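K.L.:
As input, take target_17.cif (mmCIF, C-alpha atoms and all ligand atoms):
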```
data_protein
loop_
_atom_site.label_atom_id
_atom_site.label_comp_id
_atom_site.auth_asym_id
_atom_site.auth_seq_id
_atom_site.Cartn_x
_atom_site.Cartn_y
_atom_site.Cartn_z
CA MET M 3 -4.57 15.96 20.17
CA ALA M 4 -4.32 15.64 23.93
CA HIS M 5 -3.24 12.85 26.20
CA LEU M 6 -4.62 12.48 29.74
CA THR M 7 -2.60 10.69 32.41
CA VAL M 8 -4.66 9.50 35.35
CA ASP M 9 -2.52 9.05 38.46
CA ILE M 10 -4.11 6.70 41.00
CA GLY M 11 -1.23 7.03 43.49
CA GLY M 12 -0.13 4.16 45.69
CA SER M 13 3.24 2.65 46.56
CA PRO M 14 4.94 -0.34 44.95
CA GLY M 15 4.66 -3.51 46.99
CA ILE M 16 2.35 -1.92 49.54
CA ASP M 17 -0.43 -1.20 47.06
CA CYS M 18 -0.01 -4.38 45.05
CA ARG M 19 -0.93 -7.13 47.48
CA GLY M 20 2.57 -7.52 48.84
CA PHE M 21 6.01 -7.46 47.30
CA CYS M 22 6.96 -9.65 44.40
CA SER M 23 10.20 -11.37 45.36
CA TYR M 24 12.10 -9.45 42.66
CA CYS M 25 10.54 -6.01 43.24
CA TYR M 26 13.16 -3.23 43.10
CA PHE M 27 11.32 -1.36 45.83
CA LYS M 28 11.59 -4.24 48.29
CA ARG M 29 13.42 -3.54 51.54
CA LEU M 30 13.35 0.17 50.84
CA LYS M 31 13.33 2.06 54.12
CA LYS M 32 10.58 4.67 54.43
CA GLU M 33 12.56 7.81 55.24
CA GLU M 34 11.00 11.02 56.51
CA ASN M 35 13.42 13.23 54.64
CA PRO M 36 15.27 11.17 52.07
CA GLU M 37 18.47 12.59 50.62
CA PRO M 38 17.76 13.86 47.08
CA PHE M 39 19.90 12.54 44.21
CA GLY M 40 19.81 15.69 42.08
CA CYS M 41 18.49 15.49 38.52
CA LYS M 42 17.57 17.42 35.41
CA TYR M 43 14.44 18.87 37.03
CA CYS M 44 16.27 20.51 39.97
CA LEU M 45 16.86 24.25 39.99
CA PRO M 46 20.42 25.19 38.96
CA PHE M 47 21.59 26.10 42.48
CA THR M 48 19.46 23.72 44.54
CA LYS M 49 20.04 20.00 44.61
CA GLY M 50 16.75 18.19 45.12
CA CYS M 51 13.24 18.38 43.72
CA ASP M 52 10.14 16.26 44.23
CA TYR M 53 11.11 13.91 41.42
CA CYS M 54 14.62 12.98 42.61
CA THR M 55 13.63 13.02 46.29
CA ASN M 56 10.25 11.28 46.39
CA GLY M 57 9.25 10.35 42.84
CA VAL M 58 12.20 8.04 42.24
CA ARG M 59 11.46 6.21 45.51
CA GLU M 60 7.74 6.17 44.75
CA ASN M 61 7.62 7.68 48.22
CA TYR M 62 3.93 8.48 48.30
CA GLU M 63 0.97 7.75 50.50
CA GLY M 64 -1.50 4.99 49.53
CA PHE M 65 -3.89 4.95 46.62
CA LYS M 66 -5.81 8.17 46.01
CA ASP M 67 -9.51 8.12 46.71
CA ILE M 68 -11.65 7.87 43.57
CA ARG M 69 -13.15 11.31 44.31
CA ASP M 70 -9.69 12.91 44.28
CA VAL M 71 -8.78 11.05 41.12
CA ALA M 72 -12.02 12.24 39.47
CA ASP M 73 -11.39 15.85 40.63
CA ASN M 74 -7.90 15.74 39.15
CA ILE M 75 -9.26 14.36 35.87
CA LEU M 76 -11.74 17.24 35.67
CA ALA M 77 -9.08 19.83 36.45
CA ASP M 78 -6.72 18.35 33.84
CA LEU M 79 -9.46 18.24 31.23
CA GLN M 80 -10.24 21.92 31.80
CA LEU M 81 -6.61 22.85 31.14
CA MET M 82 -6.36 20.67 28.09
CA ASP M 83 -5.95 21.99 24.56
CA GLY M 84 -7.38 20.02 21.67
CA GLU M 85 -9.35 16.83 21.47
CA LEU M 86 -8.65 14.07 23.97
CA GLU M 87 -6.93 11.25 22.11
CA LYS M 88 -5.81 8.78 24.75
CA ILE M 89 -5.99 8.13 28.49
CA THR M 90 -3.22 6.38 30.40
CA ILE M 91 -3.75 5.00 33.91
CA SER M 92 -0.57 5.17 35.98
CA GLY M 93 0.51 5.20 39.61
CA GLY M 94 3.02 3.87 42.10
CA GLY M 95 0.63 1.11 43.10
CA ASP M 96 -0.71 -1.51 40.73
CA PRO M 97 -3.94 -0.50 38.91
CA SER M 98 -5.29 -4.07 39.18
CA CYS M 99 -5.22 -3.65 42.97
CA TYR M 100 -6.92 -0.24 43.01
CA PRO M 101 -9.94 -0.75 45.29
CA GLN M 102 -12.28 1.32 43.10
CA PHE M 103 -10.86 0.04 39.83
CA LYS M 104 -14.25 -0.77 38.28
CA ASP M 105 -15.65 2.67 39.16
CA LEU M 106 -12.56 4.27 37.68
CA MET M 107 -12.90 2.29 34.44
CA GLU M 108 -16.54 3.32 34.18
CA ILE M 109 -15.71 7.00 34.66
CA LEU M 110 -12.95 6.82 32.05
CA GLY M 111 -15.05 4.64 29.75
CA SER M 112 -17.70 7.38 29.59
CA MET M 113 -15.14 9.61 27.82
CA GLU M 114 -15.06 7.21 24.88
CA VAL M 115 -11.36 7.41 24.10
CA PRO M 116 -8.84 4.54 24.10
CA ILE M 117 -7.48 3.71 27.54
CA HIS M 118 -3.96 2.40 28.16
CA ILE M 119 -2.70 0.77 31.33
CA GLY M 120 1.02 1.46 31.38
CA TYR M 121 1.81 -1.28 33.87
CA THR M 122 -0.02 -3.94 35.79
CA SER M 123 0.99 -7.19 37.39
CA GLY M 124 -2.60 -8.40 37.18
CA LYS M 125 -2.29 -9.59 40.79
CA GLY M 126 -5.44 -7.74 41.74
CA PHE M 127 -7.57 -9.45 39.08
CA ASP M 128 -9.42 -12.32 40.75
CA ASP M 129 -12.24 -12.78 38.26
CA PRO M 130 -11.50 -13.38 34.56
CA ASP M 131 -14.65 -11.45 33.59
CA ILE M 132 -12.84 -8.24 34.49
CA ALA M 133 -11.08 -8.59 31.11
CA ASP M 134 -14.33 -8.09 29.17
CA PHE M 135 -15.38 -5.32 31.53
CA MET M 136 -12.15 -3.41 30.84
CA VAL M 137 -12.45 -3.86 27.08
CA ASP M 138 -16.12 -2.78 27.15
CA ASN M 139 -15.01 0.40 28.89
CA GLY M 140 -12.42 1.30 26.30
CA LEU M 141 -9.20 -0.43 27.34
CA SER M 142 -7.13 -0.71 24.16
CA GLU M 143 -3.57 -1.39 25.33
CA ILE M 144 -1.97 -2.87 28.42
CA SER M 145 1.48 -3.90 29.57
CA TYR M 146 0.97 -6.98 31.71
CA THR M 147 3.58 -8.69 33.86
CA ILE M 148 3.10 -12.42 33.54
CA PHE M 149 6.47 -13.51 35.01
CA ALA M 150 5.65 -17.10 34.01
CA SER M 151 2.79 -19.04 32.49
CA ASP M 152 3.13 -21.52 35.34
CA PRO M 153 0.60 -20.42 37.98
CA LYS M 154 2.75 -21.95 40.73
CA LEU M 155 5.68 -19.69 39.85
CA ARG M 156 3.39 -16.66 39.71
CA SER M 157 1.95 -17.53 43.05
CA GLU M 158 5.33 -18.10 44.69
CA TYR M 159 7.35 -15.21 43.19
CA MET M 160 4.66 -12.61 42.60
CA VAL M 161 2.58 -13.48 45.66
CA ASP M 162 -0.46 -13.66 43.41
CA PRO M 163 -3.34 -15.19 45.38
CA THR M 164 -5.27 -16.06 42.20
CA PRO M 165 -2.63 -16.78 39.54
CA LYS M 166 -4.92 -18.82 37.28
CA ALA M 167 -7.49 -16.00 37.14
CA SER M 168 -4.75 -13.42 36.40
CA LEU M 169 -3.40 -15.54 33.54
CA GLU M 170 -6.90 -16.03 32.18
CA VAL M 171 -7.45 -12.24 32.23
CA PHE M 172 -4.21 -11.93 30.24
CA ARG M 173 -5.39 -14.55 27.74
CA ARG M 174 -8.79 -12.91 27.24
CA LEU M 175 -7.29 -9.44 26.83
CA CYS M 176 -4.88 -10.75 24.19
CA LYS M 177 -7.82 -11.84 22.09
CA LYS M 178 -9.28 -8.34 21.94
CA ILE M 179 -6.69 -5.60 22.48
CA ASP M 180 -2.93 -4.89 22.27
CA VAL M 181 -1.23 -6.69 25.13
CA TYR M 182 2.48 -6.58 25.86
CA ALA M 183 3.66 -9.26 28.23
CA ALA M 184 6.52 -8.51 30.59
CA ALA M 185 8.71 -10.73 32.74
CA VAL M 186 11.66 -10.07 35.00
CA ILE M 187 13.93 -13.06 34.41
CA ILE M 188 15.35 -14.66 37.53
CA PRO M 189 17.96 -17.25 36.58
CA ASP M 190 17.07 -20.82 37.61
CA VAL M 191 13.50 -19.71 38.41
CA ASN M 192 11.60 -18.55 35.31
CA ASP M 193 14.30 -18.91 32.62
CA GLY M 194 15.04 -22.11 30.67
CA GLU M 195 12.06 -24.39 30.10
CA ALA M 196 9.73 -22.18 32.17
CA LEU M 197 10.55 -19.26 29.88
CA GLU M 198 10.02 -21.35 26.75
CA ASP M 199 6.57 -22.26 28.11
CA THR M 200 5.88 -18.60 28.87
CA CYS M 201 6.85 -17.48 25.35
CA ARG M 202 4.72 -20.24 23.84
CA PHE M 203 1.80 -19.25 26.06
CA ALA M 204 2.04 -15.54 25.20
CA GLU M 205 2.33 -16.36 21.51
CA GLU M 206 -0.67 -18.69 21.58
CA CYS M 207 -2.72 -16.12 23.50
CA GLY M 208 -1.96 -13.55 20.79
CA ALA M 209 0.09 -11.02 22.78
CA LYS M 210 1.78 -8.32 20.67
CA GLY M 211 5.16 -8.90 22.23
CA ILE M 212 7.15 -9.93 25.28
CA ILE M 213 9.53 -7.63 27.09
CA LEU M 214 12.08 -9.52 29.15
CA MET M 215 13.90 -7.69 31.91
CA ARG M 216 17.19 -8.87 33.26
CA PHE M 217 17.00 -9.20 37.03
CA ALA M 218 19.36 -6.73 38.74
CA ASN M 219 20.69 -7.41 42.22
CA ARG M 220 23.56 -4.95 42.68
CA THR M 221 24.09 -1.21 42.75
CA ASP M 222 26.21 -1.22 39.58
CA GLN M 223 23.37 -3.03 37.81
CA GLY M 224 21.03 -0.17 38.63
CA LEU M 225 19.78 -0.56 42.21
CA ILE M 226 20.39 3.00 43.33
CA LEU M 227 18.00 3.14 46.28
CA GLY M 228 20.34 1.47 48.77
CA ASN M 229 18.31 -1.75 49.01
CA ALA M 230 20.59 -4.19 47.15
CA PRO M 231 20.60 -7.15 47.11
CA ILE M 232 16.92 -7.70 46.41
CA ILE M 233 17.32 -11.49 46.62
CA LYS M 234 20.32 -12.60 48.69
CA GLY M 235 22.65 -14.98 46.87
CA GLN M 236 20.60 -14.91 43.64
CA ARG M 237 22.63 -15.56 40.48
CA VAL M 238 22.37 -12.78 37.90
CA GLN M 239 22.87 -13.10 34.15
CA THR M 240 25.65 -11.11 32.53
CA VAL M 241 24.50 -8.54 30.00
CA ARG M 242 25.88 -10.70 27.17
CA GLU M 243 24.25 -13.90 28.47
CA PHE M 244 20.95 -12.09 28.74
CA ALA M 245 21.24 -10.52 25.26
CA GLU M 246 22.04 -13.91 23.71
CA MET M 247 19.02 -15.43 25.42
CA VAL M 248 16.77 -12.68 24.01
CA ILE M 249 18.18 -13.08 20.48
CA SER M 250 17.74 -16.84 20.60
CA LEU M 251 14.14 -16.66 21.87
CA ASN M 252 13.18 -13.99 19.36
CA SER M 253 14.53 -16.11 16.51
CA ARG M 254 12.49 -19.15 17.54
CA TYR M 255 9.07 -17.58 18.15
CA LYS M 256 6.78 -15.63 15.86
CA ILE M 257 5.90 -13.19 18.64
CA LYS M 258 8.27 -10.24 19.02
CA ILE M 259 10.57 -10.75 22.00
CA ASN M 260 12.96 -8.07 23.18
CA GLY M 261 14.84 -7.39 26.37
CA THR M 262 16.22 -4.71 28.57
CA PRO M 263 19.03 -3.68 28.90
CA LEU M 264 19.85 -5.53 25.63
CA GLY M 265 18.18 -5.45 23.20
CA ASP M 266 15.66 -5.45 20.37
CA PRO M 267 16.89 -8.10 17.90
CA GLU M 268 14.39 -7.15 15.18
CA ILE M 269 15.35 -3.50 15.16
CA GLY M 270 18.98 -3.85 16.21
CA SER M 271 18.59 -1.34 19.02
CA PRO M 272 19.91 0.00 21.26
CA PHE M 273 22.11 1.98 18.87
CA ALA M 274 20.73 0.46 15.67
CA ILE M 275 22.35 3.36 13.81
CA THR M 276 25.78 1.75 14.30
CA ASP M 277 24.98 -0.50 11.33
CA GLU M 278 23.63 2.28 9.11
CA PRO M 279 26.61 3.98 7.39
CA ASP M 280 24.34 6.20 5.27
CA LEU M 281 22.70 7.64 8.38
CA LEU M 282 26.02 8.05 10.18
CA GLU M 283 27.12 10.14 7.19
CA LYS M 284 24.12 12.41 7.66
CA LEU M 285 24.90 13.20 11.31
CA PRO M 286 26.72 16.48 11.97
CA ARG M 287 30.52 16.23 12.20
CA VAL M 288 32.16 16.46 15.63
CA GLU M 289 34.49 19.45 15.50
CA LYS M 290 35.44 19.98 19.14
CA ASP M 291 36.57 17.88 22.08
CA ALA M 292 34.35 16.93 25.01
CA THR M 293 34.36 13.83 27.19
CA ILE M 294 31.10 11.88 27.24
CA ILE M 295 30.37 10.10 30.51
CA THR M 296 27.92 7.24 30.21
CA GLY M 297 27.04 3.76 31.47
CA SER M 298 29.26 0.75 30.84
CA ILE M 299 26.85 -0.80 28.33
CA ALA M 300 26.49 2.29 26.14
CA ALA M 301 30.14 3.45 26.19
CA ARG M 302 31.43 1.36 23.31
CA PRO M 303 28.54 1.95 20.85
CA ILE M 304 28.52 5.69 21.60
CA GLN M 305 32.28 5.82 20.98
CA THR M 306 31.83 3.96 17.66
CA ILE M 307 29.04 6.27 16.48
CA LEU M 308 30.79 9.50 17.48
CA ASP M 309 34.11 8.33 15.99
CA ALA M 310 32.32 7.71 12.69
CA CYS M 311 31.40 11.42 12.83
CA GLY M 312 34.97 12.62 13.30
CA ASN M 313 35.16 12.51 17.11
CA LYS M 314 38.58 12.47 18.74
CA SER M 315 37.55 12.45 22.41
CA TRP M 316 37.06 9.71 24.90
CA VAL M 317 33.68 8.20 25.84
CA TYR M 318 34.07 7.22 29.48
CA GLY M 319 32.02 4.26 30.72
CA THR M 320 31.31 4.33 34.46
CA GLN M 321 30.85 1.22 36.56
CA LYS M 322 27.08 1.76 36.46
CA GLU M 323 25.68 -0.31 33.61
CA ILE M 324 22.74 1.97 32.74
CA ALA M 325 23.52 5.60 31.92
CA CYS M 326 20.18 6.96 33.21
CA LEU M 327 20.92 5.47 36.65
CA ILE M 328 24.29 7.15 37.13
CA THR M 329 24.52 8.93 40.50
CA ILE M 330 27.12 11.15 42.09
CA ASP M 331 28.85 8.04 43.54
CA ASP M 332 29.61 6.88 39.99
CA LEU M 333 31.15 10.26 39.19
CA LYS M 334 33.26 10.06 42.37
CA SER M 335 34.93 6.93 41.02
CA VAL M 336 35.74 8.45 37.59
CA ASP M 337 39.48 8.48 36.86
CA LEU M 338 39.89 12.24 36.38
CA SER M 339 43.17 11.80 34.53
CA LYS M 340 41.15 10.26 31.70
CA ILE M 341 38.63 13.05 31.13
CA GLY M 342 38.86 16.42 29.42
CA GLU M 343 37.88 19.90 30.55
CA VAL M 344 34.36 19.69 29.14
CA VAL M 345 32.24 16.77 30.25
CA ILE M 346 28.78 15.79 29.03
CA ILE M 347 26.74 13.63 31.43
CA PRO M 348 23.61 11.61 30.52
CA GLY M 349 20.51 13.80 30.38
CA ARG M 350 18.46 11.68 32.76
CA SER M 351 21.25 10.75 35.19
CA PHE M 352 20.50 11.31 38.89
CA VAL M 353 23.13 13.95 39.35
CA HIS M 354 22.96 17.67 40.09
CA GLU M 355 25.19 19.62 37.70
CA LYS M 356 26.69 21.82 40.42
CA GLU M 357 27.72 18.84 42.52
CA ALA M 358 28.95 17.01 39.42
CA THR M 359 31.15 19.99 38.56
CA GLU M 360 32.68 19.97 42.07
CA VAL M 361 33.31 16.23 42.03
CA LEU M 362 34.74 16.20 38.51
CA SER M 363 36.99 19.17 39.29
CA SER M 364 38.34 17.74 42.56
CA ASP M 365 41.82 17.21 41.05
CA GLY M 366 42.21 20.99 40.65
CA VAL M 367 41.28 21.10 36.95
CA GLU M 368 38.26 23.35 36.51
CA ARG M 369 35.82 21.40 34.39
CA THR M 370 32.58 22.39 32.72
CA VAL M 371 29.75 19.88 33.10
CA ILE M 372 26.91 19.88 30.57
CA ARG M 373 23.78 17.77 30.73
CA GLY M 374 23.34 15.80 27.52
CA PRO M 375 20.21 14.71 25.66
CA ASP M 376 17.60 12.62 27.48
CA MET M 377 17.81 9.67 25.12
CA LEU M 378 20.31 8.56 22.51
CA THR M 379 18.44 5.39 21.68
CA ALA M 380 15.32 3.40 22.55
CA ASP M 381 15.22 0.84 25.35
CA ALA M 382 13.14 -2.31 24.97
CA GLU M 383 9.99 -0.83 26.50
CA THR M 384 10.19 2.11 24.11
CA SER M 385 11.10 0.15 20.99
CA MET M 386 8.49 -2.60 21.56
CA GLY M 387 5.72 -0.59 19.93
CA MET M 388 7.95 1.14 17.34
CA ASP M 389 9.26 0.29 13.90
CA LYS M 390 12.91 0.47 12.88
CA ASN M 391 12.54 3.86 11.19
CA GLY M 392 11.08 5.35 14.36
CA VAL M 393 13.98 4.08 16.46
CA LEU M 394 16.57 5.27 13.91
CA GLN M 395 14.93 8.69 13.88
CA MET M 396 15.15 8.81 17.71
CA GLU M 397 18.84 7.94 17.51
CA MET M 398 19.48 10.51 14.76
CA ASP M 399 17.79 13.17 16.91
CA GLY M 400 19.65 12.15 20.07
CA PHE M 401 23.10 12.04 18.46
CA SER M 402 22.53 15.26 16.49
CA GLU M 403 21.78 16.99 19.78
CA LEU M 404 24.79 15.41 21.51
CA ILE M 405 27.12 16.50 18.71
CA ARG M 406 25.59 19.97 18.75
CA LEU M 407 26.41 20.23 22.47
CA MET M 408 29.96 18.95 21.87
CA ASN M 409 30.50 21.55 19.16
CA MET M 410 28.94 24.33 21.23
CA TYR M 411 30.72 23.73 24.55
CA GLY M 412 33.72 21.57 23.59
CA ARG M 413 37.34 22.72 23.50
CA ASP M 414 39.10 23.52 20.23
CA ARG M 415 41.41 20.79 19.06
CA GLU M 416 45.11 21.45 19.31
S1 LIG A 1 3.63 -5.70 41.23
FE1 LIG A 1 5.37 -4.51 40.54
S2 LIG A 1 5.50 -2.79 41.97
FE2 LIG A 1 4.18 -4.35 42.91
S3 LIG A 1 5.53 -5.58 44.17
FE3 LIG A 1 5.43 -6.57 42.17
S4 LIG A 1 7.15 -5.75 41.04
FE4 LIG A 1 6.81 -4.40 42.80
#
```
Just give me the structure of the file as structure tokens.
Ligand code: SF4
P.N.:
Amino acid sequence: MAHLTVDIGGSPGIDCRGFCSYCYFKRLKKEENPEPFGCKYCLPFTKGCDYCTNGVRENYEGFKDIRDVADNILADLQLMDGELEKITISGGGDPSCYPQFKDLMEILGSMEVPIHIGYTSGKGFDDPDIADFMVDNGLSEISYTIFASDPKLRSEYMVDPTPKASLEVFRRLCKKIDVYAAAVIIPDVNDGEALEDTCRFAEECGAKGIILMRFANRTDQGLILGNAPIIKGQRVQTVREFAEMVISLNSRYKIKINGTPLGDPEIGSPFAITDEPDLLEKLPRVEKDATIITGSIAARPIQTILDACGNKSWVYGTQKEIACLITIDDLKSVDLSKIGEVVIIPGRSFVHEKEATEVLSSDGVERTVIRGPDMLTADAETSMGMDKNGVLQMEMDGFSELIRLMNMYGRDRE
């Protein structure tokens, strides 16, 4: 079974009718030769690849012309093994704003396989009838940023010129296909009563779920592109405050509500395995010592899970809240007296191993740096469409791999 991803190109903010006030790409300077972060895709001795130089900044030209998109589809189909099972439309710009969106849907619709739109703000939808058109052409799943059910808030914070039409498209899609609503929560703007209204609206429309995203405004909260703050002086919820809000909302509505960075109240993720002693028993035992470097949110649960498997080493939480957004600056502020000779960094962190080794050995202790597994758990976007067993399996796989690396590269215990 094959999966086709159709990239329409475009840049956030520029190819979505102007920047939403909370967009993480706002105020990002267009640099000719941006400094690469380093990442898991880089070659071992060269820091920098297209992903950690341009991809992460969505540093691309405008939308691709429909002819180029169609050529790419044909080329991809020719290389494909097996029957086409699903098509996903993606891009740096917003699909709803793609100038030839209807033509694209018709081309894809002729393939007669389910189409997913991984992300849209719906800002480009001005006529509610587009909902039926998309469904008629095979759209089966969409993640749709509503921000708020109040059209005035959508208009002001998302710069949506036709907020009522966009919300009507959302409503109509909910009646026919799987729709996941999304909203970045800006305290004192779309939280409180506005958020209650939004949850009620999404539930009444028949959406499958709502993913709430805590607004981040600082580098330690995950803004790694040098453009913080996104909104000057804006209050930000603490991780705990945000998690409590998500738990409370999820308990009061029938629709599934989860949040990122924390959490999925129905499944208990991230790190749902913490409450599953039988599964913890089944994980391999930790037999050697290696320091795990991670984000501040994940440090404690990872420590708990590894300790339940016989671990005796330290899990070091950096100042960065999200492990996947750790950069070399976070490693520069690690207290080297607290880490061992073998260090495992998050698989998807924006760090080049060679540079990490230099930085983490700058006290004269030669350290070995290993890149860990990509994922140890499921974030809200991932867990939204999963059941608990699927998430637990992901965590079992992630931790088994982490423990395997610890036992392979770690130091013998004294
Ligand atoms: S629609 Fe998304 S990518 Fe575009 S400006 Fe808004 S938040 Fe940014």
K.L.:
Which residue, M:Ala185, M:Leu394, M:Val345, M:Ile16, has the smallest gap to Tyr159 (chain M) when you use only C-alpha atoms?
P.N.:
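Among the listed residues, M:Ala185 lies closest to Tyr159 (chain M).
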K.L.:
Using all atoms listed in the file, what are the residues with an atom within 9 Å of ligand LIG 1 (chain A), set out as a tab-separated table (two decimals) with C-alpha atoms, in the coordinates of the input?
P.N.:
```tsv
chain	number	residue	atom	x	y	z
M	13	SER	CA	3.24	2.65	46.56
M	14	PRO	CA	4.94	-0.34	44.95
M	15	GLY	CA	4.66	-3.51	46.99
M	16	ILE	CA	2.35	-1.92	49.54
M	17	ASP	CA	-0.43	-1.20	47.06
M	18	CYS	CA	-0.01	-4.38	45.05
M	19	ARG	CA	-0.93	-7.13	47.48
M	20	GLY	CA	2.57	-7.52	48.84
M	21	PHE	CA	6.01	-7.46	47.30
M	22	CYS	CA	6.96	-9.65	44.40
M	23	SER	CA	10.20	-11.37	45.36
M	24	TYR	CA	12.10	-9.45	42.66
M	25	CYS	CA	10.54	-6.01	43.24
M	26	TYR	CA	13.16	-3.23	43.10
M	27	PHE	CA	11.32	-1.36	45.83
M	28	LYS	CA	11.59	-4.24	48.29
M	94	GLY	CA	3.02	3.87	42.10
M	95	GLY	CA	0.63	1.11	43.10
M	96	ASP	CA	-0.71	-1.51	40.73
M	121	TYR	CA	1.81	-1.28	33.87
M	122	THR	CA	-0.02	-3.94	35.79
M	123	SER	CA	0.99	-7.19	37.39
M	124	GLY	CA	-2.60	-8.40	37.18
M	125	LYS	CA	-2.29	-9.59	40.79
M	147	THR	CA	3.58	-8.69	33.86
M	159	TYR	CA	7.35	-15.21	43.19
M	160	MET	CA	4.66	-12.61	42.60
M	161	VAL	CA	2.58	-13.48	45.66
M	186	VAL	CA	11.66	-10.07	35.00
```
K.L.:
Can you work out which one of M:Asp78, M:Asp9, M:Glu158, M:Glu205 has the shortest atom-to-atom distance to Gly93 (chain M), counting all atoms listed in the file?
P.N.:
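For Gly93 (chain M), the nearest of the candidates is M:Asp9.
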K.L.:
Determine, counting only C-alpha atoms, which protein, DNA and RNA residues have an atom within 9 Å of an atom of Thr164 (chain M); residues of the same chain fewer than 3 positions away are not included. Present the result as a list in words.
P.N.:
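With the cut-off at 9 Å, the set is Lys125, Gly126, Phe127, Asp128, Asp129, Pro153, Ser157, Val161, Ala167, Ser168 and Leu169 of chain M.
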K.L.:
Write the residues of the selection above to a file with C-alpha atoms, as a compact mmCIF listing (two decimals), in the frame of the given file.
P.N.:
```
# COMPACT_ATOMS: atom_id res chain seq x y z
CA LYS M 125 -2.29 -9.59 40.79
CA GLY M 126 -5.44 -7.74 41.74
CA PHE M 127 -7.57 -9.45 39.08
CA ASP M 128 -9.42 -12.32 40.75
CA ASP M 129 -12.24 -12.78 38.26
CA PRO M 153 0.60 -20.42 37.98
CA SER M 157 1.95 -17.53 43.05
CA VAL M 161 2.58 -13.48 45.66
CA ALA M 167 -7.49 -16.00 37.14
CA SER M 168 -4.75 -13.42 36.40
CA LEU M 169 -3.40 -15.54 33.54
```
K.L.:
Which residues are near region 196-199 of chain M? Cut-off 9 Å, all atoms listed in the file, ignore same chain within fewer than 5 positions. Put them as a list in words.
P.N.:
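My list of contacting residues is Phe149, Ala150, Ser151, Asp152, Ile187, Val191, Ala204 and Leu251 of chain M.
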K.L.:
Quick one: of M:Gly50, M:Pro36, M:Gly349, M:Gly12, who's nearest to Gly228 (chain M), counting all atoms listed in the file?
P.N.:
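Closest residue, counting all atoms listed in the file: M:Pro36.
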K.L.:
How close does region 212-304 of chain M get to region 382-393 of chain M? List, as a Markdown table, each residue of region 212-304 of chain M within 12 Å, its nearest atom pair and the distance in Å to one decimal, counting all atoms listed in the file.
P.N.:
```
| residue | atom | partner | partner_atom | distance |
| --- | --- | --- | --- | --- |
| M:Ile212 | CA | M:Met386 | CA | 8.3 |
| M:Ile213 | CA | M:Ala382 | CA | 6.8 |
| M:Leu214 | CA | M:Ala382 | CA | 8.4 |
| M:Met215 | CA | M:Ala382 | CA | 8.8 |
| M:Arg216 | CA | M:Ala382 | CA | 11.3 |
| M:Ala245 | CA | M:Ala382 | CA | 11.5 |
| M:Val248 | CA | M:Ala382 | CA | 11.0 |
| M:Ile257 | CA | M:Met386 | CA | 11.3 |
| M:Lys258 | CA | M:Met386 | CA | 8.1 |
| M:Ile259 | CA | M:Met386 | CA | 8.4 |
| M:Asn260 | CA | M:Ala382 | CA | 6.0 |
| M:Gly261 | CA | M:Ala382 | CA | 5.5 |
| M:Thr262 | CA | M:Ala382 | CA | 5.3 |
| M:Pro263 | CA | M:Ala382 | CA | 7.2 |
| M:Leu264 | CA | M:Ala382 | CA | 7.5 |
| M:Gly265 | CA | M:Ala382 | CA | 6.2 |
| M:Asp266 | CA | M:Ala382 | CA | 6.1 |
| M:Pro267 | CA | M:Ala382 | CA | 9.9 |
| M:Glu268 | CA | M:Lys390 | CA | 8.1 |
| M:Ile269 | CA | M:Lys390 | CA | 5.2 |
| M:Gly270 | CA | M:Lys390 | CA | 8.2 |
| M:Ser271 | CA | M:Val393 | CA | 7.6 |
| M:Pro272 | CA | M:Ala382 | CA | 8.1 |
| M:Phe273 | CA | M:Val393 | CA | 8.7 |
| M:Ala274 | CA | M:Val393 | CA | 7.7 |
| M:Ile275 | CA | M:Val393 | CA | 8.8 |
| M:Glu278 | CA | M:Asn391 | CA | 11.4 |
| M:Leu281 | CA | M:Asn391 | CA | 11.2 |
```
K.L.:
Would you compute the distance between CA of Thr329 (chain M) and CA of Ala230 (chain M)? Give it in Å to one decimal.
P.N.:
15.2 Å
K.L.:
Ranking M:Tyr182, M:Tyr62, M:Tyr411, M:Phe172 by minimum distance to His118 (chain M) and counting all atoms listed in the file, which one comes first?
P.N.:
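Looking only at the distances to His118 (chain M), the closest residue turns out to be M:Tyr182.
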K.L.:
Nearest to Leu362 (chain M): which of M:Arg302, M:Lys334, M:Lys32, M:Lys340 is it, counting all atoms listed in the file?
P.N.:
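Nearest candidate to Leu362 (chain M) out of M:Arg302, M:Lys334, M:Lys32, M:Lys340: M:Lys334.
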K.L.:
Show me, as a CSV table (one decimal) with C-alpha atoms, in the frame of the given file, the residues that have an atom within 9 Å of Ile294 (chain M) when counting only C-alpha atoms, minus same-chain residues fewer than 4 positions from it.
P.N.:
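File produced: part28.csv:
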```csv
chain,number,residue,atom,x,y,z
M,301,ALA,CA,30.1,3.4,26.2
M,304,ILE,CA,28.5,5.7,21.6
M,305,GLN,CA,32.3,5.8,21.0
M,315,SER,CA,37.6,12.4,22.4
M,316,TRP,CA,37.1,9.7,24.9
M,317,VAL,CA,33.7,8.2,25.8
M,318,TYR,CA,34.1,7.2,29.5
M,319,GLY,CA,32.0,4.3,30.7
M,341,ILE,CA,38.6,13.0,31.1
M,344,VAL,CA,34.4,19.7,29.1
M,345,VAL,CA,32.2,16.8,30.2
M,346,ILE,CA,28.8,15.8,29.0
M,347,ILE,CA,26.7,13.6,31.4
M,348,PRO,CA,23.6,11.6,30.5
M,374,GLY,CA,23.3,15.8,27.5
M,408,MET,CA,30.0,19.0,21.9
```
K.L.:
Taking into account all atoms listed in the file, which residue in the set M:Ala358, M:Ile330, M:Ala300, M:Cys54 is nearest to Ala380 (chain M)?
P.N.:
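Looking at the shortest contact to Ala380 (chain M), the residue is M:Ala300.
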